[in-house]
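J.: Can you read through this structure? Questions will come right after.
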Amino acid sequence: MKALWVVLIVVGVIVVLALAGAGQYIGWKNKLVELDENTKSAWAQVESQLQRRLDLIPNLVETVKGYAAHEDKVLNEVTQARASVGGASTPAEKMAANNQLTGALSRLLVVTENYPDLKANQNFMALQDELAGTENRISVARQRYNEAAQEFNATRRKFPYSLVAANYKEAVYFEAAGEAKEAPKVKF
């Protein structure tokens, strides 16, 4: 009888430990799912703001064309960069394409400095203000995405989460374009 009690106690302890281990495993997986979803949500906000910028660009280009018709090279760069953003499918491709677009827009805005009539045009000023506001929103959305990616990546690599993180890829950070390190030069 005593042996039966010992066996029941040992089996009970094993069952309790197994249930506790399973519960902990589920908790770790759920934490990774939560952080992964936070990262995806933050990326969706970045994409939303990038789309807003894409929607403004044709109007800006058309307004500039009316004043700066001989600036075809810069206008074509903006148009091509915008098209490459539309063709990007992965986050890394979208980041690279948007960095290219940011550079092209910077060059376009530098060109507009040579056209005082354009700078005084109400439509251009309104579009430029909208674009500036959108760029600020993009900056905030990128920052939030990078923070979510950092938290996800750090947690994913930490023990014990690393034991259950095999199905989760590391989140890619949104980095500034190389040309963003230099301020555009304005010449009058």
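Here's how to read the names in the structure tokens: chain A, B, ... by the order shown, residue numbers from 1 in each chain, ligand numbers from 1 in the order shown.
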Write out as a PyMOL selection string the residues lying within 8 Å of stretch 27-43 of chain A, counting only C-alpha atoms and excluding same-chain residues fewer than 5 positions away.

T.: chain A and resi 141-142+144-145+148-149+151-152+155-156+160-161+164-165+168+171

J.: Restricting it to C-alpha atoms, dump the selection as a short mmCIF file (atom, residue, chain, number, x, y, z; two decimals), in the first residue's frame.

T.:
data_model
loop_
_atom_site.label_atom_id
_atom_site.label_comp_id
_atom_site.auth_asym_id
_atom_site.auth_seq_id
_atom_site.Cartn_x
_atom_site.Cartn_y
_atom_site.Cartn_z
CA ALA A 141 5.97 55.45 -37.91
CA ARG A 142 9.50 54.27 -38.78
CA ARG A 144 7.74 53.04 -33.76
CA TYR A 145 8.34 50.17 -36.16
CA ALA A 148 8.72 47.18 -32.08
CA ALA A 149 11.29 45.31 -34.19
CA GLU A 151 11.71 44.55 -28.75
CA PHE A 152 10.70 41.53 -30.84
CA THR A 155 12.96 38.94 -26.84
CA ARG A 156 13.32 36.37 -29.62
CA PRO A 160 13.99 30.98 -22.65
CA TYR A 161 12.18 32.51 -25.67
CA VAL A 164 10.57 28.37 -28.96
CA ALA A 165 11.52 31.08 -31.50
CA TYR A 168 9.96 33.48 -36.10
CA ALA A 171 12.46 41.68 -37.96
#

J.: Out of A:Glu47, A:Glu77, A:Asp117, A:Asp72, which residue has the shortest atom-to-atom distance to A:Thr90 when counting only C-alpha atoms?

T.: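 That would be A:Glu47, the residue with the smallest distance to A:Thr90.
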
J.: Which is closest to A:Arg82 among A:Val7, A:Ala22, A:Ala44, A:Leu101, if we use only C-alpha atoms?

T.: A:Leu101

J.: Extract, using only C-alpha atoms, all DNA, RNA and protein residues at most 8 Å from A:Ala104, discarding same-chain residues fewer than 6 positions from it, and format them as a compact mmCIF listing (two decimals) with C-alpha atoms, in the first residue's frame.

T.:
# COMPACT_ATOMS: atom_id res chain seq x y z
CA VAL A 74 14.74 65.10 -61.73
CA GLU A 77 13.84 60.18 -61.16
CA VAL A 78 10.89 60.90 -58.86
CA ALA A 81 11.44 55.93 -57.78

J.: Mind giving me the straight-line distance from atom CA of A:Val64 to atom CA of A:Leu109 in Å, one decimal?

T.: 9.4 Å

J.: Excluding A:Met125 and residues on its chain fewer than 2 positions from it, collect all residues at most 12 Å away from it, counting only C-alpha atoms, and give them as an NGL selection string.

T.: :A and (59-60 or 63-64 or 109 or 112 or 116-123 or 127-132)

J.: For the selection you just gave me, I'd like the residues written to a file as a PDB file, in the first residue's frame, keeping N, CA and C atoms.

T.:
ATOM      1  N   ASN A  59       0.689  64.725 -57.834  1.00  0.00           N
ATOM      2  CA  ASN A  59       0.235  66.122 -57.823  1.00  0.00           C
ATOM      3  C   ASN A  59       1.414  67.081 -57.710  1.00  0.00           C
ATOM      4  N   LEU A  60       2.373  66.735 -56.884  1.00  0.00           N
ATOM      5  CA  LEU A  60       3.557  67.572 -56.723  1.00  0.00           C
ATOM      6  C   LEU A  60       4.346  67.631 -58.028  1.00  0.00           C
ATOM      7  N   THR A  63       2.575  69.780 -60.627  1.00  0.00           N
ATOM      8  CA  THR A  63       2.686  71.204 -60.306  1.00  0.00           C
ATOM      9  C   THR A  63       4.065  71.725 -60.682  1.00  0.00           C
ATOM     10  N   VAL A  64       5.097  70.961 -60.372  1.00  0.00           N
ATOM     11  CA  VAL A  64       6.459  71.382 -60.697  1.00  0.00           C
ATOM     12  C   VAL A  64       6.657  71.392 -62.213  1.00  0.00           C
ATOM     13  N   LEU A 109      12.876  68.904 -54.508  1.00  0.00           N
ATOM     14  CA  LEU A 109      12.639  70.094 -53.693  1.00  0.00           C
ATOM     15  C   LEU A 109      13.800  71.084 -53.804  1.00  0.00           C
ATOM     16  N   THR A 112      13.256  73.030 -57.003  1.00  0.00           N
ATOM     17  CA  THR A 112      12.196  74.046 -56.902  1.00  0.00           C
ATOM     18  C   THR A 112      12.694  75.359 -56.325  1.00  0.00           C
ATOM     19  N   PRO A 116      11.135  80.895 -58.170  1.00  0.00           N
ATOM     20  CA  PRO A 116      10.394  81.676 -57.180  1.00  0.00           C
ATOM     21  C   PRO A 116       8.885  81.688 -57.431  1.00  0.00           C
ATOM     22  N   ASP A 117       8.468  81.685 -58.708  1.00  0.00           N
ATOM     23  CA  ASP A 117       7.029  81.664 -58.997  1.00  0.00           C
ATOM     24  C   ASP A 117       6.392  80.371 -58.497  1.00  0.00           C
ATOM     25  N   LEU A 118       7.118  79.277 -58.653  1.00  0.00           N
ATOM     26  CA  LEU A 118       6.612  77.986 -58.177  1.00  0.00           C
ATOM     27  C   LEU A 118       6.487  77.982 -56.663  1.00  0.00           C
ATOM     28  N   LYS A 119       7.500  78.511 -55.996  1.00  0.00           N
ATOM     29  CA  LYS A 119       7.476  78.538 -54.522  1.00  0.00           C
ATOM     30  C   LYS A 119       6.335  79.405 -54.003  1.00  0.00           C
ATOM     31  N   ALA A 120       5.872  80.356 -54.811  1.00  0.00           N
ATOM     32  CA  ALA A 120       4.780  81.227 -54.392  1.00  0.00           C
ATOM     33  C   ALA A 120       3.408  80.648 -54.775  1.00  0.00           C
ATOM     34  N   ASN A 121       3.388  79.599 -55.596  1.00  0.00           N
ATOM     35  CA  ASN A 121       2.135  78.993 -56.045  1.00  0.00           C
ATOM     36  C   ASN A 121       1.431  78.320 -54.866  1.00  0.00           C
ATOM     37  N   GLN A 122       0.162  78.651 -54.679  1.00  0.00           N
ATOM     38  CA  GLN A 122      -0.600  78.125 -53.530  1.00  0.00           C
ATOM     39  C   GLN A 122      -0.716  76.604 -53.565  1.00  0.00           C
ATOM     40  N   ASN A 123      -0.950  76.051 -54.757  1.00  0.00           N
ATOM     41  CA  ASN A 123      -1.052  74.586 -54.862  1.00  0.00           C
ATOM     42  C   ASN A 123       0.255  73.920 -54.461  1.00  0.00           C
ATOM     43  N   LEU A 127       0.837  71.450 -51.315  1.00  0.00           N
ATOM     44  CA  LEU A 127       1.388  70.108 -51.521  1.00  0.00           C
ATOM     45  C   LEU A 127       2.684  69.919 -50.740  1.00  0.00           C
ATOM     46  N   GLN A 128       3.513  70.948 -50.739  1.00  0.00           N
ATOM     47  CA  GLN A 128       4.774  70.862 -50.003  1.00  0.00           C
ATOM     48  C   GLN A 128       4.498  70.713 -48.503  1.00  0.00           C
ATOM     49  N   ASP A 129       3.507  71.453 -47.995  1.00  0.00           N
ATOM     50  CA  ASP A 129       3.140  71.314 -46.576  1.00  0.00           C
ATOM     51  C   ASP A 129       2.609  69.914 -46.284  1.00  0.00           C
ATOM     52  N   GLU A 130       1.762  69.401 -47.179  1.00  0.00           N
ATOM     53  CA  GLU A 130       1.230  68.042 -47.003  1.00  0.00           C
ATOM     54  C   GLU A 130       2.364  67.026 -47.007  1.00  0.00           C
ATOM     55  N   LEU A 131       3.304  67.206 -47.925  1.00  0.00           N
ATOM     56  CA  LEU A 131       4.428  66.285 -48.019  1.00  0.00           C
ATOM     57  C   LEU A 131       5.303  66.368 -46.772  1.00  0.00           C
ATOM     58  N   ALA A 132       5.535  67.579 -46.277  1.00  0.00           N
ATOM     59  CA  ALA A 132       6.333  67.740 -45.054  1.00  0.00           C
ATOM     60  C   ALA A 132       5.642  67.064 -43.870  1.00  0.00           C
TER      61      ALA A 132
END

J.: Among chain A, which residues does DSSP mark as helix (DSSP H, G or I) when it is run on the backbone? Keep the chain and numbering as in the structure and answer as a CSV table (one decimal) with C-alpha atoms, in the first residue's frame.

T.:
chain,number,residue,atom,x,y,z
A,2,LYS,CA,2.8,2.3,0.8
A,3,ALA,CA,4.5,1.7,-2.5
A,4,LEU,CA,1.2,2.6,-4.3
A,5,TRP,CA,1.1,5.9,-2.5
A,6,VAL,CA,4.7,6.6,-3.5
A,7,VAL,CA,4.0,5.8,-7.1
A,8,LEU,CA,0.9,8.0,-7.1
A,9,ILE,CA,2.8,10.9,-5.6
A,10,VAL,CA,5.6,10.5,-8.1
A,11,VAL,CA,3.2,10.3,-11.0
A,12,GLY,CA,1.3,13.3,-9.6
A,13,VAL,CA,4.5,15.4,-9.3
A,14,ILE,CA,5.4,14.4,-12.9
A,15,VAL,CA,2.0,15.4,-14.2
A,16,VAL,CA,2.1,18.7,-12.3
A,17,LEU,CA,5.6,19.5,-13.6
A,18,ALA,CA,4.5,18.5,-17.2
A,19,LEU,CA,1.5,20.8,-16.9
A,20,ALA,CA,3.6,23.7,-15.5
A,21,GLY,CA,6.2,23.2,-18.3
A,22,ALA,CA,3.5,23.1,-21.0
A,23,GLY,CA,1.9,26.3,-19.5
A,24,GLN,CA,5.3,28.0,-19.5
A,25,TYR,CA,6.0,26.9,-23.1
A,26,ILE,CA,2.6,28.3,-24.2
A,27,GLY,CA,3.3,31.6,-22.4
A,28,TRP,CA,6.6,32.0,-24.2
A,29,LYS,CA,5.0,31.2,-27.6
A,30,ASN,CA,2.2,33.7,-26.8
A,31,LYS,CA,4.7,36.4,-25.9
A,32,LEU,CA,6.5,35.9,-29.2
A,33,VAL,CA,3.2,36.0,-31.1
A,34,GLU,CA,2.2,39.2,-29.4
A,35,LEU,CA,5.6,40.9,-30.2
A,36,ASP,CA,5.4,39.6,-33.8
A,37,GLU,CA,2.0,41.1,-34.2
A,38,ASN,CA,3.1,44.4,-32.7
A,39,THR,CA,5.9,44.5,-35.2
A,40,LYS,CA,3.6,43.8,-38.1
A,41,SER,CA,1.1,46.4,-36.9
A,42,ALA,CA,3.9,49.0,-36.7
A,43,TRP,CA,5.0,48.0,-40.2
A,44,ALA,CA,1.5,48.5,-41.4
A,45,GLN,CA,1.5,52.1,-40.0
A,46,VAL,CA,4.8,52.7,-41.9
A,47,GLU,CA,3.2,51.4,-45.1
A,48,SER,CA,0.1,53.6,-44.6
A,49,GLN,CA,2.2,56.7,-44.3
A,50,LEU,CA,4.4,55.7,-47.3
A,51,GLN,CA,1.2,55.2,-49.3
A,52,ARG,CA,0.0,58.7,-48.3
A,53,ARG,CA,3.3,60.1,-49.6
A,54,LEU,CA,3.0,58.1,-52.9
A,55,ASP,CA,-0.5,59.5,-53.4
A,56,LEU,CA,0.8,63.1,-53.0
A,57,ILE,CA,3.7,62.7,-55.4
A,58,PRO,CA,1.9,62.8,-58.8
A,59,ASN,CA,0.2,66.1,-57.8
A,60,LEU,CA,3.6,67.6,-56.7
A,61,VAL,CA,5.3,66.4,-59.9
A,62,GLU,CA,2.5,67.9,-62.1
A,63,THR,CA,2.7,71.2,-60.3
A,64,VAL,CA,6.5,71.4,-60.7
A,65,LYS,CA,6.2,70.4,-64.4
A,66,GLY,CA,4.2,73.5,-65.1
A,67,TYR,CA,7.1,75.7,-63.9
A,72,ASP,CA,12.9,66.4,-66.8
A,73,LYS,CA,15.8,64.4,-65.3
A,74,VAL,CA,14.7,65.1,-61.7
A,75,LEU,CA,11.0,64.6,-62.5
A,76,ASN,CA,11.8,61.3,-64.2
A,77,GLU,CA,13.8,60.2,-61.2
A,78,VAL,CA,10.9,60.9,-58.9
A,79,THR,CA,8.5,59.1,-61.2
A,80,GLN,CA,10.8,56.1,-61.5
A,81,ALA,CA,11.4,55.9,-57.8
A,82,ARG,CA,7.7,56.1,-57.1
A,83,ALA,CA,7.2,53.2,-59.6
A,84,SER,CA,9.9,51.1,-57.8
A,85,VAL,CA,8.1,51.6,-54.5
A,86,GLY,CA,4.9,50.2,-56.1
A,87,GLY,CA,6.8,47.2,-57.4
A,91,PRO,CA,9.8,44.9,-46.3
A,92,ALA,CA,13.5,45.1,-47.3
A,93,GLU,CA,12.6,45.9,-50.9
A,94,LYS,CA,10.1,48.5,-49.8
A,95,MET,CA,12.6,50.1,-47.4
A,96,ALA,CA,15.2,50.3,-50.2
A,97,ALA,CA,12.7,51.7,-52.7
A,98,ASN,CA,11.4,54.3,-50.3
A,99,ASN,CA,14.9,55.4,-49.5
A,100,GLN,CA,15.5,55.9,-53.2
A,101,LEU,CA,12.2,57.9,-53.4
A,102,THR,CA,13.3,60.0,-50.4
A,103,GLY,CA,16.5,60.9,-52.3
A,104,ALA,CA,14.6,61.8,-55.5
A,105,LEU,CA,12.1,64.0,-53.6
A,106,SER,CA,15.0,65.8,-51.9
A,107,ARG,CA,16.5,66.5,-55.3
A,108,LEU,CA,13.1,67.7,-56.6
A,109,LEU,CA,12.6,70.1,-53.7
A,110,VAL,CA,16.2,71.5,-54.2
A,111,VAL,CA,15.3,72.1,-57.9
A,112,THR,CA,12.2,74.0,-56.9
A,116,PRO,CA,10.4,81.7,-57.2
A,117,ASP,CA,7.0,81.7,-59.0
A,118,LEU,CA,6.6,78.0,-58.2
A,119,LYS,CA,7.5,78.5,-54.5
A,120,ALA,CA,4.8,81.2,-54.4
A,122,GLN,CA,-0.6,78.1,-53.5
A,123,ASN,CA,-1.1,74.6,-54.9
A,124,PHE,CA,2.7,73.9,-54.6
A,125,MET,CA,2.9,75.4,-51.1
A,126,ALA,CA,-0.1,73.3,-50.0
A,127,LEU,CA,1.4,70.1,-51.5
A,128,GLN,CA,4.8,70.9,-50.0
A,129,ASP,CA,3.1,71.3,-46.6
A,130,GLU,CA,1.2,68.0,-47.0
A,131,LEU,CA,4.4,66.3,-48.0
A,132,ALA,CA,6.3,67.7,-45.1
A,133,GLY,CA,3.6,66.6,-42.7
A,134,THR,CA,3.6,63.2,-44.3
A,135,GLU,CA,7.4,62.9,-44.0
A,136,ASN,CA,7.0,63.7,-40.3
A,137,ARG,CA,4.4,60.9,-39.9
A,138,ILE,CA,6.7,58.5,-41.8
A,139,SER,CA,9.5,59.4,-39.4
A,140,VAL,CA,7.3,58.7,-36.4
A,141,ALA,CA,6.0,55.4,-37.9
A,142,ARG,CA,9.5,54.3,-38.8
A,143,GLN,CA,10.7,55.0,-35.2
A,144,ARG,CA,7.7,53.0,-33.8
A,145,TYR,CA,8.3,50.2,-36.2
A,146,ASN,CA,12.0,50.0,-35.3
A,147,GLU,CA,11.2,50.1,-31.6
A,148,ALA,CA,8.7,47.2,-32.1
A,149,ALA,CA,11.3,45.3,-34.2
A,150,GLN,CA,14.0,45.9,-31.5
A,151,GLU,CA,11.7,44.5,-28.7
A,152,PHE,CA,10.7,41.5,-30.8
A,153,ASN,CA,14.3,40.7,-31.9
A,154,ALA,CA,15.7,41.1,-28.4
A,155,THR,CA,13.0,38.9,-26.8
A,156,ARG,CA,13.3,36.4,-29.6
A,157,ARG,CA,17.0,36.0,-28.8
A,161,TYR,CA,12.2,32.5,-25.7
A,162,SER,CA,15.0,31.4,-27.9
A,163,LEU,CA,13.9,27.8,-27.2
A,178,GLY,CA,22.9,56.6,-47.6
A,179,GLU,CA,22.2,60.0,-49.2
A,180,ALA,CA,20.2,61.0,-46.1
A,181,LYS,CA,23.5,61.5,-44.3
